[in-house]
file query_36.cif (mmCIF, C-alpha atoms)
data_work
loop_
_atom_site.label_atom_id
_atom_site.label_comp_id
_atom_site.auth_asym_id
_atom_site.auth_seq_id
_atom_site.Cartn_x
_atom_site.Cartn_y
_atom_site.Cartn_z
CA MET Y 1 -7.64 15.90 2.33
CA GLU Y 2 -10.76 13.82 1.75
CA SER Y 3 -12.87 13.16 4.79
CA LYS Y 4 -13.40 9.59 5.98
CA ASP Y 5 -16.91 9.40 4.66
CA THR Y 6 -16.17 10.42 1.05
CA LEU Y 7 -18.46 9.41 -1.76
CA ARG Y 8 -18.28 5.67 -2.23
CA ILE Y 9 -18.55 3.64 -5.36
CA PRO Y 10 -21.19 0.91 -4.84
CA ILE Y 11 -20.18 -2.67 -5.64
CA GLN Y 12 -22.62 -5.50 -6.26
CA LEU Y 13 -22.39 -9.18 -7.05
CA SER Y 14 -23.82 -10.31 -10.38
CA GLN Y 15 -23.18 -13.71 -12.07
CA GLY Y 16 -20.32 -14.26 -9.67
CA CYS Y 17 -18.67 -10.97 -10.62
CA ALA Y 18 -18.08 -7.88 -8.56
CA VAL Y 19 -19.69 -5.13 -10.60
CA ALA Y 20 -18.92 -1.50 -9.87
CA SER Y 21 -20.28 1.40 -11.81
CA ILE Y 22 -18.40 4.66 -11.45
CA GLN Y 23 -20.74 7.57 -12.04
CA ILE Y 24 -18.91 10.31 -10.16
CA ASP Y 25 -15.86 12.47 -10.76
CA LEU Y 26 -12.75 10.59 -9.75
CA THR Y 27 -10.43 11.75 -7.01
CA THR Y 28 -7.53 9.95 -5.40
CA GLY Y 29 -9.53 9.71 -2.17
CA ILE Y 30 -12.49 8.06 -3.83
CA LEU Y 31 -10.25 5.63 -5.70
CA GLU Y 32 -8.35 4.66 -2.56
CA GLN Y 33 -11.61 4.00 -0.74
CA PHE Y 34 -12.82 2.02 -3.75
CA ARG Y 35 -9.69 -0.12 -3.84
CA HIS Y 36 -10.16 -0.97 -0.20
CA ASP Y 37 -13.86 -1.76 -0.64
CA LEU Y 38 -13.31 -3.82 -3.79
CA LEU Y 39 -10.55 -6.02 -2.41
CA ARG Y 40 -12.61 -6.73 0.68
CA PHE Y 41 -15.66 -7.47 -1.44
CA ILE Y 42 -13.72 -10.00 -3.57
CA ASP Y 43 -12.38 -11.65 -0.48
CA GLU Y 44 -15.72 -11.85 1.33
CA LYS Y 45 -18.03 -12.77 -1.56
CA GLY Y 46 -15.55 -14.86 -3.51
CA ALA Y 47 -16.10 -12.98 -6.76
CA THR Y 48 -14.45 -14.63 -9.77
CA GLY Y 49 -14.07 -11.44 -11.74
CA VAL Y 50 -14.43 -7.69 -11.58
CA ILE Y 51 -16.34 -5.55 -14.04
CA LEU Y 52 -15.70 -1.86 -13.81
CA ASP Y 53 -18.20 0.30 -15.65
CA LEU Y 54 -16.61 3.65 -16.46
CA SER Y 55 -19.36 5.01 -18.71
CA GLY Y 56 -20.04 7.84 -16.27
CA VAL Y 57 -16.46 9.07 -16.21
CA GLU Y 58 -15.85 12.10 -18.38
CA LEU Y 59 -12.39 13.03 -17.19
CA MET Y 60 -9.54 10.79 -16.19
CA ASP Y 61 -5.93 11.77 -15.69
CA LEU Y 62 -2.90 9.54 -15.60
CA GLU Y 63 -2.92 9.41 -11.81
CA ASP Y 64 -6.51 8.13 -11.68
CA PHE Y 65 -5.71 5.64 -14.38
CA GLU Y 66 -2.64 4.31 -12.57
CA GLU Y 67 -4.68 3.98 -9.40
CA ILE Y 68 -7.26 1.89 -11.27
CA ARG Y 69 -4.57 -0.20 -12.92
CA MET Y 70 -2.98 -0.89 -9.55
CA THR Y 71 -6.34 -1.93 -8.12
CA MET Y 72 -6.73 -4.29 -11.08
CA HIS Y 73 -3.34 -5.84 -10.35
CA MET Y 74 -4.29 -6.38 -6.72
CA ALA Y 75 -7.58 -7.97 -7.72
CA ARG Y 76 -5.64 -10.28 -10.03
CA LEU Y 77 -3.52 -11.40 -7.08
CA LEU Y 78 -6.78 -12.36 -5.38
CA GLY Y 79 -7.68 -14.42 -8.47
CA SER Y 80 -10.06 -12.00 -10.13
CA GLU Y 81 -9.48 -10.59 -13.60
CA THR Y 82 -10.88 -7.12 -14.22
CA ILE Y 83 -12.67 -5.98 -17.36
CA LEU Y 84 -13.23 -2.27 -17.93
CA CYS Y 85 -16.24 -1.24 -19.90
CA GLY Y 86 -18.00 1.82 -21.25
CA LEU Y 87 -14.87 3.97 -21.64
CA ARG Y 88 -15.73 7.10 -23.57
CA PRO Y 89 -13.87 8.05 -26.77
CA GLY Y 90 -12.70 11.32 -25.22
CA VAL Y 91 -11.29 9.56 -22.16
CA VAL Y 92 -9.50 6.99 -24.32
CA ALA Y 93 -7.98 9.66 -26.58
CA ALA Y 94 -6.79 11.59 -23.53
CA LEU Y 95 -5.20 8.49 -22.00
CA MET Y 96 -3.37 7.82 -25.26
CA ASP Y 97 -2.11 11.40 -25.35
CA LEU Y 98 -0.85 11.04 -21.82
CA GLY Y 99 0.97 7.87 -22.83
CA ALA Y 100 -0.90 5.53 -20.48
CA ASP Y 101 0.29 1.92 -20.53
CA THR Y 102 -2.79 -0.10 -21.43
CA ASP Y 103 -1.24 -3.30 -22.75
CA ASP Y 104 -2.45 -5.64 -20.01
CA ILE Y 105 -5.94 -4.18 -19.77
CA LEU Y 106 -9.09 -5.95 -20.85
CA ALA Y 107 -11.92 -3.74 -22.00
CA SER Y 108 -15.38 -4.17 -23.48
CA PHE Y 109 -17.78 -1.83 -25.16
CA ASN Y 110 -20.58 -2.08 -22.59
CA LEU Y 111 -21.77 -4.06 -19.60
CA ASP Y 112 -23.41 -6.81 -21.68
CA GLU Y 113 -20.25 -7.51 -23.60
CA ALA Y 114 -18.20 -7.31 -20.44
CA PHE Y 115 -20.24 -10.17 -18.93
CA GLN Y 116 -19.85 -12.21 -22.13
CA ASN Y 117 -16.12 -11.62 -22.23
CA MET Y 118 -15.82 -12.37 -18.54
CA GLN Y 119 -17.29 -15.84 -19.12
CA GLU Y 120 -14.64 -16.44 -21.75
CA VAL Y 121 -11.88 -15.13 -19.50
CA THR Y 122 -12.88 -17.24 -16.50
CA ARG Y 123 -13.31 -20.33 -18.69
CA THR Y 124 -9.86 -20.08 -20.24
CA LYS Y 125 -8.48 -19.31 -16.81
CA ARG Y 126 -10.07 -22.43 -15.41
CA TYR Y 127 -8.54 -24.53 -18.19
CA ALA Y 128 -5.21 -22.91 -17.57
CA ASP Y 129 -5.50 -23.70 -13.89
CA GLN Y 130 -6.40 -27.32 -14.68
CA ASP Y 131 -3.45 -27.60 -17.04
CA GLU Y 132 -1.23 -26.19 -14.38
CA ALA Y 133 -2.61 -28.57 -11.79
CA GLN Y 134 -2.10 -31.45 -14.16
CA SER Y 135 1.45 -30.51 -14.97
CA ALA Y 136 2.05 -30.08 -11.24
CA ASP Y 137 0.76 -33.63 -10.72
CA ASN Y 138 3.01 -34.85 -13.49
CA LYS Y 139 5.92 -33.15 -11.86
CA GLU Y 140 5.18 -34.87 -8.62
CA GLU Y 141 5.15 -38.19 -10.40
CA GLU Y 142 8.40 -37.36 -12.14
CA GLY Y 143 9.72 -36.06 -8.87
CA ALA Y 144 9.31 -39.53 -7.31
CA GLY Y 145 12.25 -40.76 -9.26
CA ASP Y 146 14.31 -37.67 -8.74
CA PRO Y 147 17.19 -38.36 -6.41
CA PHE Y 148 17.51 -34.69 -5.54
CA ALA Y 149 13.88 -34.33 -4.45
CA ASP Y 150 13.12 -34.32 -0.76
CA MET W 1 5.40 45.75 -20.51
CA ASN W 2 7.13 47.40 -23.40
CA VAL W 3 8.05 44.77 -25.93
CA THR W 4 9.98 45.61 -29.07
CA HIS W 5 7.29 46.17 -31.59
CA SER W 6 7.32 43.63 -34.34
CA ALA W 7 6.77 44.85 -37.86
CA HIS W 8 4.69 41.76 -38.43
CA ASP W 9 0.99 42.15 -37.80
CA HIS W 10 -1.12 39.10 -37.20
CA ASP W 11 -1.85 38.68 -40.87
CA GLY W 12 1.85 38.88 -41.69
CA THR W 13 1.69 42.35 -43.24
CA HIS W 14 4.04 45.19 -42.40
CA ASP W 15 3.68 48.68 -41.03
CA PRO W 16 4.84 51.32 -43.61
CA ALA W 17 6.96 53.41 -41.23
CA GLU W 18 8.74 50.34 -39.92
CA LEU W 19 9.58 48.98 -43.34
CA LEU W 20 10.82 52.39 -44.51
CA SER W 21 13.29 52.46 -41.65
CA TRP W 22 14.33 48.85 -42.32
CA TYR W 23 15.12 49.75 -45.90
CA ASN W 24 16.84 52.92 -44.75
CA ILE W 25 14.57 55.13 -46.87
CA SER W 26 14.45 58.70 -45.59
CA GLU W 27 12.06 61.54 -46.35
CA ASP W 28 14.89 63.00 -48.45
CA ASP W 29 14.97 59.91 -50.61
CA LEU W 30 11.24 60.09 -51.25
CA ALA W 31 11.42 63.83 -51.87
CA ILE W 32 14.20 63.58 -54.44
CA LEU W 33 12.31 60.88 -56.34
CA HIS W 34 9.28 63.12 -56.33
CA LYS W 35 11.35 66.09 -57.49
CA HIS W 36 12.66 64.23 -60.54
CA ARG W 37 9.46 62.33 -61.28
CA GLY W 38 9.12 64.17 -64.61
CA LEU W 39 12.33 62.61 -65.90
CA PHE W 40 10.85 59.14 -65.60
CA LEU W 41 7.13 59.64 -66.01
CA ASP W 42 7.62 61.56 -69.29
CA LYS W 43 9.42 58.54 -70.70
CA ILE W 44 7.04 55.98 -69.23
CA GLU W 45 5.83 54.93 -72.72
CA VAL W 46 9.41 54.27 -73.82
CA MET W 47 10.06 52.24 -70.69
CA LYS W 48 6.88 50.25 -71.20
CA ASP W 49 7.82 49.48 -74.82
CA ARG W 50 11.27 48.32 -73.86
CA TRP W 51 9.76 46.26 -71.07
CA HIS W 52 7.27 44.66 -73.43
CA ASP W 53 10.16 43.64 -75.67
CA TRP W 54 11.87 42.12 -72.70
CA LEU W 55 8.68 40.30 -71.70
CA ARG W 56 8.32 38.74 -75.16
CA GLN W 57 11.52 36.78 -74.79
CA LEU W 58 10.32 35.13 -71.55
CA PRO W 59 9.61 31.40 -71.92
CA ASP W 60 6.20 31.76 -70.21
CA TYR W 61 5.17 34.72 -72.38
CA GLU W 62 2.93 32.67 -74.65
CA TYR W 63 1.28 31.00 -71.71
CA TYR W 64 0.43 34.11 -69.73
CA PHE W 65 0.12 36.89 -72.32
CA SER W 66 -1.14 35.25 -75.50
CA ASP W 67 -4.33 37.31 -75.20
CA PRO W 68 -3.61 40.90 -76.41
CA SER W 69 -6.09 42.35 -73.92
CA VAL W 70 -4.10 40.84 -71.06
CA ILE W 71 -0.84 42.46 -72.10
CA GLU W 72 -2.66 45.74 -72.64
CA HIS W 73 -4.01 45.55 -69.12
CA VAL W 74 -0.60 44.73 -67.68
CA LEU W 75 1.00 47.67 -69.48
CA SER W 76 -1.72 50.04 -68.32
CA GLN W 77 -1.12 48.88 -64.75
CA HIS W 78 2.39 50.26 -65.06
CA ASP W 79 1.11 53.83 -65.31
CA ARG W 80 -0.48 53.55 -61.90
CA TYR W 81 2.49 51.67 -60.51
CA TRP W 82 5.13 54.23 -61.45
CA GLU W 83 2.92 57.17 -60.68
CA LEU W 84 2.64 55.91 -57.11
CA PHE W 85 6.35 55.20 -57.04
CA PHE W 86 7.20 58.86 -57.60
CA THR W 87 4.53 60.47 -55.40
CA GLY W 88 7.04 60.75 -52.58
CA VAL W 89 4.55 59.27 -50.12
CA VAL W 90 4.72 55.72 -48.84
CA ASP W 91 1.56 55.10 -46.83
CA ASP W 92 -1.16 52.48 -46.44
CA THR W 93 -2.55 53.21 -49.92
CA TYR W 94 0.88 52.62 -51.41
CA PHE W 95 1.21 49.36 -49.46
CA ALA W 96 -2.26 48.20 -50.39
CA HIS W 97 -1.45 48.69 -54.06
CA ARG W 98 1.81 46.74 -53.87
CA ARG W 99 0.00 43.95 -52.03
CA THR W 100 -2.56 43.75 -54.80
CA VAL W 101 0.30 43.35 -57.25
CA GLY W 102 1.63 40.44 -55.17
CA GLN W 103 -1.80 38.83 -54.92
CA THR W 104 -2.29 39.07 -58.68
CA HIS W 105 1.04 37.40 -59.34
CA ALA W 106 0.24 34.63 -56.86
CA ARG W 107 -3.23 34.10 -58.33
CA ILE W 108 -2.07 33.66 -61.91
CA GLY W 109 0.92 31.66 -60.68
CA LEU W 110 3.57 33.83 -62.32
CA SER W 111 6.95 32.86 -60.96
CA MET W 112 8.86 35.18 -58.67
CA THR W 113 11.84 34.84 -60.99
CA SER W 114 9.88 36.52 -63.78
CA TYR W 115 8.71 39.23 -61.40
CA HIS W 116 12.24 39.98 -60.20
CA GLY W 117 13.44 39.97 -63.79
CA GLY W 118 10.77 42.50 -64.73
CA MET W 119 11.73 44.80 -61.88
CA ASN W 120 15.38 44.43 -62.77
CA ALA W 121 14.63 45.41 -66.38
CA PHE W 122 12.79 48.54 -65.22
CA HIS W 123 15.70 49.41 -62.98
CA GLY W 124 17.97 49.26 -66.04
CA TYR W 125 15.71 51.61 -68.04
CA ALA W 126 15.56 54.06 -65.15
CA ILE W 127 19.35 54.13 -64.91
CA ASP W 128 19.58 54.80 -68.66
CA ILE W 129 17.18 57.73 -68.32
CA LEU W 130 19.17 59.02 -65.41
CA LYS W 131 22.41 58.90 -67.41
CA GLU W 132 20.85 60.91 -70.25
CA ALA W 133 19.53 63.50 -67.80
CA SER W 134 23.15 64.36 -66.78
CA LEU W 135 22.32 65.64 -63.31
CA PRO W 136 25.08 66.86 -61.00
CA SER W 137 26.90 63.75 -59.86
CA GLU W 138 25.86 63.97 -56.22
CA GLU W 139 22.20 64.30 -57.11
CA HIS W 140 22.53 61.56 -59.71
CA ILE W 141 23.81 59.16 -57.08
CA HIS W 142 21.11 60.17 -54.62
CA VAL W 143 18.30 59.55 -57.11
CA ALA W 144 19.76 56.19 -58.18
CA ASP W 145 20.16 55.16 -54.56
CA ALA W 146 16.64 56.20 -53.60
CA PHE W 147 15.26 54.42 -56.66
CA VAL W 148 16.96 51.12 -55.78
CA LYS W 149 15.92 51.26 -52.14
CA LEU W 150 12.29 51.95 -52.88
CA MET W 151 12.28 49.30 -55.58
CA HIS W 152 13.62 46.77 -53.10
CA LEU W 153 10.91 47.72 -50.64
CA ASP W 154 8.28 47.19 -53.34
CA THR W 155 9.74 43.82 -54.15
CA ALA W 156 9.72 42.84 -50.48
CA ILE W 157 6.03 43.63 -50.13
CA VAL W 158 5.13 41.77 -53.29
CA VAL W 159 7.17 38.70 -52.37
CA ASP W 160 5.73 38.71 -48.86
CA THR W 161 2.17 38.84 -50.14
CA TYR W 162 2.94 36.21 -52.73
CA ASN W 163 4.31 33.84 -50.12
CA GLN W 164 1.43 34.51 -47.80
CA MET W 165 -1.09 33.61 -50.49
CA VAL W 166 0.78 30.45 -51.42
CA THR W 167 1.02 29.39 -47.77
CA GLU W 168 -2.69 30.01 -47.27
CA THR W 169 -3.48 27.84 -50.26
CA ILE W 170 -1.31 25.03 -48.95
CA THR W 171 -2.86 25.24 -45.48
CA ALA W 172 -6.36 25.08 -46.93
CA GLN W 173 -5.42 22.12 -49.10
CA THR W 174 -3.86 20.27 -46.20
CA ARG W 175 -6.97 20.80 -44.13
CA SER W 176 -9.35 19.53 -46.78
CA LEU W 177 -7.07 16.57 -47.39
CA MET W 178 -7.15 15.71 -43.69
CA GLU W 179 -10.90 15.80 -43.65
CA MET W 180 -11.19 13.59 -46.68
CA ALA W 181 -8.62 11.14 -45.52
CA THR W 182 -10.32 9.29 -42.65
CA PRO W 183 -13.34 7.46 -44.00
CA VAL W 184 -13.99 4.96 -41.21
CA THR W 185 -16.67 2.70 -42.67
CA GLU W 186 -18.78 -0.02 -41.13
CA ILE W 187 -18.39 -2.75 -43.73
CA TRP W 188 -20.32 -5.34 -41.74
CA SER W 189 -22.22 -5.10 -38.53
CA GLY W 190 -19.52 -4.95 -35.88
CA ILE W 191 -16.62 -4.51 -38.33
CA LEU W 192 -15.05 -1.16 -39.19
CA LEU W 193 -12.60 -0.59 -42.02
CA LEU W 194 -10.25 2.31 -42.55
CA PRO W 195 -7.99 2.24 -45.58
CA LEU W 196 -5.14 4.64 -44.89
CA VAL W 197 -3.48 6.50 -47.72
CA GLY W 198 -0.64 8.97 -47.64
CA ILE W 199 1.59 10.26 -44.92
CA ILE W 200 0.96 9.72 -41.21
CA ASP W 201 2.21 12.35 -38.80
CA SER W 202 1.14 12.94 -35.24
CA GLU W 203 -1.68 15.32 -36.15
CA ARG W 204 -3.07 12.97 -38.74
CA SER W 205 -2.83 10.03 -36.34
CA ARG W 206 -4.78 11.96 -33.72
CA GLU W 207 -7.37 12.75 -36.35
CA ILE W 208 -7.59 9.05 -37.25
CA MET W 209 -7.86 8.02 -33.61
CA ASN W 210 -10.66 10.46 -32.90
CA ALA W 211 -12.61 9.49 -36.00
CA THR W 212 -12.19 5.79 -35.20
CA LEU W 213 -13.15 6.07 -31.53
CA ALA W 214 -16.22 8.13 -32.40
CA LYS W 215 -17.26 5.54 -34.97
CA ILE W 216 -16.77 2.67 -32.51
CA SER W 217 -18.87 4.48 -29.95
CA GLN W 218 -21.54 5.06 -32.57
CA THR W 219 -21.66 1.59 -34.13
CA GLN W 220 -20.51 -0.55 -31.19
CA ALA W 221 -18.08 -2.28 -33.51
CA ARG W 222 -15.98 -5.10 -32.12
CA MET W 223 -13.41 -5.37 -34.88
CA PHE W 224 -11.44 -2.60 -36.57
CA ILE W 225 -9.37 -3.24 -39.68
CA LEU W 226 -6.71 -0.64 -40.41
CA ASP W 227 -5.38 -1.13 -43.92
CA ILE W 228 -1.97 0.44 -44.40
CA SER W 229 -1.20 -0.79 -47.91
CA GLY W 230 -1.52 2.82 -49.10
CA VAL W 231 0.88 4.24 -46.55
CA GLY W 232 4.13 5.15 -48.22
CA VAL W 233 6.63 5.11 -45.40
CA VAL W 234 6.48 3.21 -42.14
CA ASP W 235 9.20 4.23 -39.70
CA THR W 236 9.38 4.10 -35.91
CA ALA W 237 7.15 7.15 -35.49
CA VAL W 238 4.47 5.90 -37.85
CA ALA W 239 4.52 2.42 -36.30
CA ASN W 240 4.11 3.93 -32.86
CA HIS W 241 1.15 6.00 -34.04
CA LEU W 242 -0.49 2.89 -35.46
CA ILE W 243 0.12 0.89 -32.29
CA LYS W 244 -1.34 3.72 -30.25
CA ILE W 245 -4.51 3.64 -32.34
CA THR W 246 -4.90 -0.11 -31.83
CA ARG W 247 -4.40 0.32 -28.08
CA ALA W 248 -7.09 2.99 -27.98
CA THR W 249 -9.64 0.88 -29.82
CA ARG W 250 -8.95 -2.05 -27.48
CA LEU W 251 -9.87 0.15 -24.52
CA MET W 252 -13.27 0.51 -26.12
CA GLY W 253 -13.67 -3.23 -26.47
CA CYS W 254 -12.81 -3.21 -30.15
CA GLU W 255 -9.97 -5.34 -31.43
CA SER W 256 -7.76 -3.99 -34.20
CA ILE W 257 -6.15 -5.79 -37.09
CA ILE W 258 -3.55 -3.99 -39.19
CA SER W 259 -3.72 -5.28 -42.73
CA GLY W 260 -1.71 -4.55 -45.83
CA VAL W 261 1.66 -5.06 -44.19
CA SER W 262 4.07 -5.39 -47.10
CA PRO W 263 7.30 -7.39 -46.94
CA ALA W 264 9.20 -4.11 -46.92
CA ILE W 265 7.21 -2.83 -43.94
CA ALA W 266 7.63 -6.12 -42.07
CA GLN W 267 11.37 -5.89 -42.69
CA THR W 268 11.53 -2.27 -41.46
CA ILE W 269 9.53 -3.05 -38.34
CA VAL W 270 11.87 -5.86 -37.32
CA GLU W 271 15.03 -4.03 -38.33
CA LEU W 272 14.04 -0.96 -36.34
CA GLY W 273 13.26 -3.20 -33.37
CA ILE W 274 9.72 -1.88 -33.04
CA ASP W 275 7.67 -3.81 -30.51
CA VAL W 276 4.26 -4.27 -32.04
CA GLY W 277 3.04 -5.92 -28.85
CA LYS W 278 -0.27 -7.69 -29.16
CA VAL W 279 -1.23 -6.03 -32.43
CA LYS W 280 -2.55 -8.49 -34.98
CA THR W 281 -1.19 -7.94 -38.47
CA THR W 282 -1.97 -9.54 -41.80
CA ALA W 283 -0.56 -9.17 -45.29
CA THR W 284 -3.86 -8.76 -47.09
CA MET W 285 -7.14 -7.14 -46.27
CA MET W 286 -8.81 -10.43 -47.18
CA ASP W 287 -7.05 -12.24 -44.35
CA ALA W 288 -7.96 -9.47 -41.95
CA LEU W 289 -11.61 -9.62 -42.95
CA GLY W 290 -11.65 -13.41 -42.61
CA GLY W 291 -10.10 -13.10 -39.18
CA ALA W 292 -12.62 -10.49 -38.13
CA PHE W 293 -15.53 -12.68 -39.23
CA ARG W 294 -14.11 -15.67 -37.39
CA ARG W 295 -13.65 -13.56 -34.27
CA LEU W 296 -17.33 -12.59 -34.42
CA GLY W 297 -18.36 -16.22 -34.88
CA LYS W 298 -19.28 -15.77 -38.55
CA GLU W 299 -18.01 -17.46 -41.64
CA ILE W 300 -18.26 -16.96 -45.36
CA ARG W 301 -19.01 -20.03 -47.42
CA ASP W 302 -20.15 -21.01 -50.91
CA LEU W 303 -23.84 -21.56 -51.35
#

call {"tool": "encode", "arguments": {"input": "query_36.cif", "output": "structure tokens"}}
result
Amino acid sequence: MESKDTLRIPIQLSQGCAVASIQIDLTTGILEQFRHDLLRFIDEKGATGVILDLSGVELMDLEDFEEIRMTMHMARLLGSETILCGLRPGVVAALMDLGADTDDILASFNLDEAFQNMQEVTRTKRYADQDEAQSADNKEEEGAGDPFAD
Amino acid sequence: MNVTHSAHDHDGTHDPAELLSWYNISEDDLAILHKHRGLFLDKIEVMKDRWHDWLRQLPDYEYYFSDPSVIEHVLSQHDRYWELFFTGVVDDTYFAHRRTVGQTHARIGLSMTSYHGGMNAFHGYAIDILKEASLPSEEHIHVADAFVKLMHLDTAIVVDTYNQMVTETITAQTRSLMEMATPVTEIWSGILLLPLVGIIDSERSREIMNATLAKISQTQARMFILDISGVGVVDTAVANHLIKITRATRLMGCESIISGVSPAIAQTIVELGIDVGKVKTTATMMDALGGAFRRLGKEIRDL
């Protein structure tokens, strides 16, 4: 069992994004702590996105990967998309061999590109939100004539 | 732990004692062949002549033995061969010689059918000699029996060696083919191209994935074009391998486009119900390249 004060993954705010760079060997304990820290960070600092730099990770098993994917899903529920970056060829090949499900994952080559892509992601997201808001407005207008509406 | 000893060594060769017992060849058998060796060895020239006549009517005769020195060499090899046959000792030396025979046949590519035919012919001559010798019937049968058994053992060693050599050649060829077959090239800064040719199995696909990922890491490419117009068959397994490769490149921030999808392949993919997911596909490599340039904010135009 990991002790309470396990190694922590530092998180910092840069260009409105929560940026975490993982440079240590992953364990379930570390990842659980990280999930907790990250979600709180997003909530407190209002980060619009998460960039996870995995360039220091040499080994990753399916369990670690699932843990990260779950954290990404949770961050998405808080309104922050996650972009992974710096994945090593060996790690990627291993994940493929293990049959990891990577379809909904965004990834970039390095930190620079991750920031660039994040801008694109947040921009399209904002448009999508606006569209949604607009269509919601339209619905309300339509709803005025709807006899079944409250 | 005492495991039943296998007659196969690591290099696929056999242990003499083991093979002798497999072929049910006793010391008596070897001894009786040795005892009557004179019968056969005295007539070796006759046997060789008859065999040469037999050889001449083979369809490959012209191809393999057109050079008189070659046929002379082959015939002289028979002296050594039959001398060993009747020594009454089957040991490592004996085995080594038979293996050399197999290797020679494999090297020149002589078919096993011809080899078996040749042995069969010699068997016939030996039986003829035996008939003329008019031994007591029991001894006659024993010699004939021993002769056939030892001949079969010889054949087994030769065939084994032959197969081993052929398999080694195929393995070496496959390996060199694999190495040649994944030329991931950076055709523009940020764009990689891999034209695939041939058959894709799981080992090859792993090879392709590793080569591609290494190249992405080295060049920081953002687009990867996988051209499959040279791939003969695309079935569920192949499609899954290809999809896996595109997933892997995406994890490294590199988007994949599969180009060269023929109408037949498109039809197969849909008919087999393969989910290609987010994979971009195009019919021609030109379209893929255009798409890749657009994605990188570049365009090609006339000057």

call {"tool": "interface_residues", "arguments": {"input": "query_36.cif", "of": "chain Y", "to": "chain W", "cutoff": "12 Å", "atoms": "all atoms listed in the file", "output": "PyMOL selection string"}}
result
chain Y and resi 53-55+83-114+116-117

call {"tool": "resolve_selection", "arguments": {"input": "query_36.cif", "expression": "the PyMOL selection byres ((chain W and resi 144) around 12)", "output": "ChimeraX atom specification"}}
result
/W:29-30,32-33,36,40,123-131,135,137-143,145-151

call {"tool": "axis_aligned_box", "arguments": {"input": "query_36.cif", "around": "region 104-119 of chain W", "padding_each_side": "8 Å", "output": "JSON"}}
result
{"center_x": 5.1, "center_y": 38.2, "center_z": -60.8, "size_x": 32.7, "size_y": 29.1, "size_z": 23.9}

call {"tool": "residues_around", "arguments": {"input": "query_36.cif", "residues": "Gln33 (chain Y)", "least_positions_apart": "5", "cutoff": "9 Å", "atoms": "all atoms listed in the file", "output": "PyMOL selection string"}}
result
chain Y and resi 4+6-9+28+38

call {"tool": "closest_residue", "arguments": {"input": "query_36.cif", "among": "W:Gly38, W:Gly118, W:Gly190, W:Gly88", "to": "Val74 (chain W)", "atoms": "all atoms listed in the file"}}
result
W:Gly118

call {"tool": "resolve_selection", "arguments": {"input": "query_36.cif", "expression": "the PyMOL selection byres ((chain W and resi 259) around 8)", "output": "ChimeraX atom specification"}}
result
/W:225-229,257-258,260-261,281-285,287-288

call {"tool": "closest_residue", "arguments": {"input": "query_36.cif", "among": "W:Thr219, W:Ser111, W:Ser76, W:Thr246", "to": "Val166 (chain W)", "atoms": "all atoms listed in the file"}}
result
W:Ser111

call {"tool": "residues_around", "arguments": {"input": "query_36.cif", "residues": "Val197 (chain W)", "least_positions_apart": "4", "cutoff": "12 Å", "atoms": "only C-alpha atoms", "output": "list in words"}}
result
Leu177, Met178, Met180, Ala181, Thr182, Pro183, Arg204, Ser205, Ile208, Leu226, Asp227, Ile228, Ser229, Gly230, Val231, Gly232, Val233, Val234 and Gly260 of chain W

call {"tool": "closest_residue", "arguments": {"input": "query_36.cif", "among": "Y:Gln119, Y:Glu44, Y:His36, Y:Leu31", "to": "Glu81 (chain Y)", "atoms": "all atoms listed in the file"}}
result
Y:Gln119

call {"tool": "atom_distance", "arguments": {"input": "query_36.cif", "atom1": "CA of Asp60 (chain W)", "atom2": "CA of Gly109 (chain W)"}}
result
10.9 Å

call {"tool": "resolve_selection", "arguments": {"input": "query_36.cif", "expression": "the PyMOL selection byres ((chain Y and resi 17) around 10)", "output": "compact mmCIF listing (two decimals) with C-alpha atoms, in the coordinates of the input"}}
result
# COMPACT_ATOMS: atom_id res chain seq x y z
CA ILE Y 11 -20.18 -2.67 -5.64
CA GLN Y 12 -22.62 -5.50 -6.26
CA LEU Y 13 -22.39 -9.18 -7.05
CA SER Y 14 -23.82 -10.31 -10.38
CA GLN Y 15 -23.18 -13.71 -12.07
CA GLY Y 16 -20.32 -14.26 -9.67
CA ALA Y 18 -18.08 -7.88 -8.56
CA VAL Y 19 -19.69 -5.13 -10.60
CA ALA Y 20 -18.92 -1.50 -9.87
CA ILE Y 42 -13.72 -10.00 -3.57
CA LYS Y 45 -18.03 -12.77 -1.56
CA GLY Y 46 -15.55 -14.86 -3.51
CA ALA Y 47 -16.10 -12.98 -6.76
CA THR Y 48 -14.45 -14.63 -9.77
CA GLY Y 49 -14.07 -11.44 -11.74
CA VAL Y 50 -14.43 -7.69 -11.58
CA ILE Y 51 -16.34 -5.55 -14.04
CA SER Y 80 -10.06 -12.00 -10.13
CA GLU Y 81 -9.48 -10.59 -13.60
CA THR Y 82 -10.88 -7.12 -14.22
CA PHE Y 115 -20.24 -10.17 -18.93
CA MET Y 118 -15.82 -12.37 -18.54
CA GLN Y 119 -17.29 -15.84 -19.12

call {"tool": "closest_residue", "arguments": {"input": "query_36.cif", "among": "W:His105, W:Lys280, W:Arg80, W:His97", "to": "Ile44 (chain W)", "atoms": "all atoms listed in the file"}}
result
W:Arg80

call {"tool": "closest_residue", "arguments": {"input": "query_36.cif", "among": "W:Ile71, W:Leu39, W:Val46, W:Ala106", "to": "Asp160 (chain W)", "atoms": "only C-alpha atoms"}}
result
W:Ala106

call {"tool": "atom_distance", "arguments": {"input": "query_36.cif", "atom1": "CA of Asp15 (chain W)", "atom2": "CA of Glu168 (chain W)"}}
result
20.7 Å

call {"tool": "closest_residue", "arguments": {"input": "query_36.cif", "among": "Y:Leu26, Y:Asp37, Y:Asp43, Y:Leu77", "to": "Asp61 (chain Y)", "atoms": "only C-alpha atoms"}}
result
Y:Leu26
